[in-house]
Amino acid sequence: MIAMLVVMFMIMARAKDPNTWRWLAGDPAQPADVDAAPAVSDESGPPSLSLYRQANQAAAPAPPGPTDRDPEEADAAREEFQAITDGTTTLQPEEMPAYWRLFRWANNQSLAELRQRARRDLYFTDLAQLPDKHRGELLQLRLHLRRVRHYPADDNPAGVRDVYEAWGPSPESQVWLYEVLFSDLPPGMPSGPDVVEEATFYGYFLKLQGYFEAGAPPRAAPLRAPLLIGRLVWHPTDLPVAQGSAWFWPTVCAGALVLLAIVVHWLLSFASPPRAVGTPNGASEAPIEGWLEQAQADPADAEPSWESGDGGDEAPPHNGFDDTREPDR
């Protein structure tokens, strides 16, 4: 009974989601790869889908400008990368030319271009162990964001007015953090020191940024987080629809089978005939039935005989009382 209630509660809770019944209305399901969802202007659909569409619209490409595809830009960046120092907890003045150059590269390309060109085969250990080799490479990261902060930018050659800084691990890095910088926060996306959001980031690797965990000893060496500069796509928590309802119908089917098995077992327990109660020591009930038949045929013979099997007299079984004793007067 408890299992039936639990399954019914799960089904009722999941059935409240309108996306679960989208297939009945004939609406096409959203693609599982939300990174490739098209940017459209209508605001129909769930609130999270509208926010995702607004984020794509806000990420419209800037006027064409220099990128890393330009050989002269690539050569200039390689010279600027020589001034990068990994492991420092703050950006140094000599690192700022490369810093703003990567902002220009990212903002001068559309999300579609960044998505198409970004590498997906580099991991946290690749950047941590060989930062010089991968500096300036364009990567795609899926991040579990835990912190998002904003600060205004000083005058700079990239024309950036606001800089957003986000921290979080990727599914591959687990507990090890990435730091990503971008100039546009998707509309509706929460920010603050304690957020729980999902996002995809397309950006250029700059350096290993040093940082300290809360409560670290005063003389502890800083940890290192790969720092990337680019553009961010926010994924509201209930997107994509296909992922949110992937396990709904298997759960319904499994619950229905469990309920069916419980109901069948309950019905069979009432339909089965009662079991015959056996006599002690497995004795047969045939002698008792024969005695009853004999008693019906001749009541006089129904009294049990206490004669022994060999014809001799045998005293009746003692009942624990002395019947020969006279009663006290």
# chains A, B, ... in the order shown; residues from 1 in each chain; ligands from 1
>>> closest_atom_pairs(of="stretch 159-224 of chain A", to="stretch 97-105 of chain A", cutoff="12 Å", atoms="only C-alpha atoms", output="Markdown table")
| residue | atom | partner | partner_atom | distance |
| --- | --- | --- | --- | --- |
| A:Gly159 | CA | A:Arg104 | CA | 8.2 |
| A:Val160 | CA | A:Phe103 | CA | 7.9 |
| A:Arg161 | CA | A:Phe103 | CA | 11.4 |
| A:Asp162 | CA | A:Phe103 | CA | 11.4 |
| A:Val163 | CA | A:Phe103 | CA | 9.9 |
| A:Tyr164 | CA | A:Phe103 | CA | 11.8 |
| A:Val180 | CA | A:Phe103 | CA | 11.4 |
| A:Leu181 | CA | A:Phe103 | CA | 8.7 |
| A:Phe182 | CA | A:Phe103 | CA | 7.6 |
| A:Ser183 | CA | A:Phe103 | CA | 8.1 |
| A:Asp184 | CA | A:Phe103 | CA | 11.2 |
| A:Tyr202 | CA | A:Trp105 | CA | 11.4 |
| A:Gly203 | CA | A:Leu102 | CA | 8.4 |
| A:Tyr204 | CA | A:Leu102 | CA | 6.5 |
| A:Phe205 | CA | A:Leu102 | CA | 8.7 |
| A:Leu206 | CA | A:Tyr99 | CA | 7.3 |
| A:Lys207 | CA | A:Tyr99 | CA | 9.7 |
>>> atom_distance(atom1="atom CA of A:Gly215", atom2="atom CA of A:Glu197")
24.3 Å
>>> residues_around(residues="A:Glu113", least_positions_apart="2", cutoff="12 Å", atoms="only C-alpha atoms", output="PyMOL selection string")
chain A and resi 36+59-61+67+69+105-111+115-118+138+140+202-203+231
>>> closest_residue(among="A:Gly230, A:Pro71, A:Gly255, A:Pro250", to="A:Glu137", atoms="only C-alpha atoms")
A:Gly230
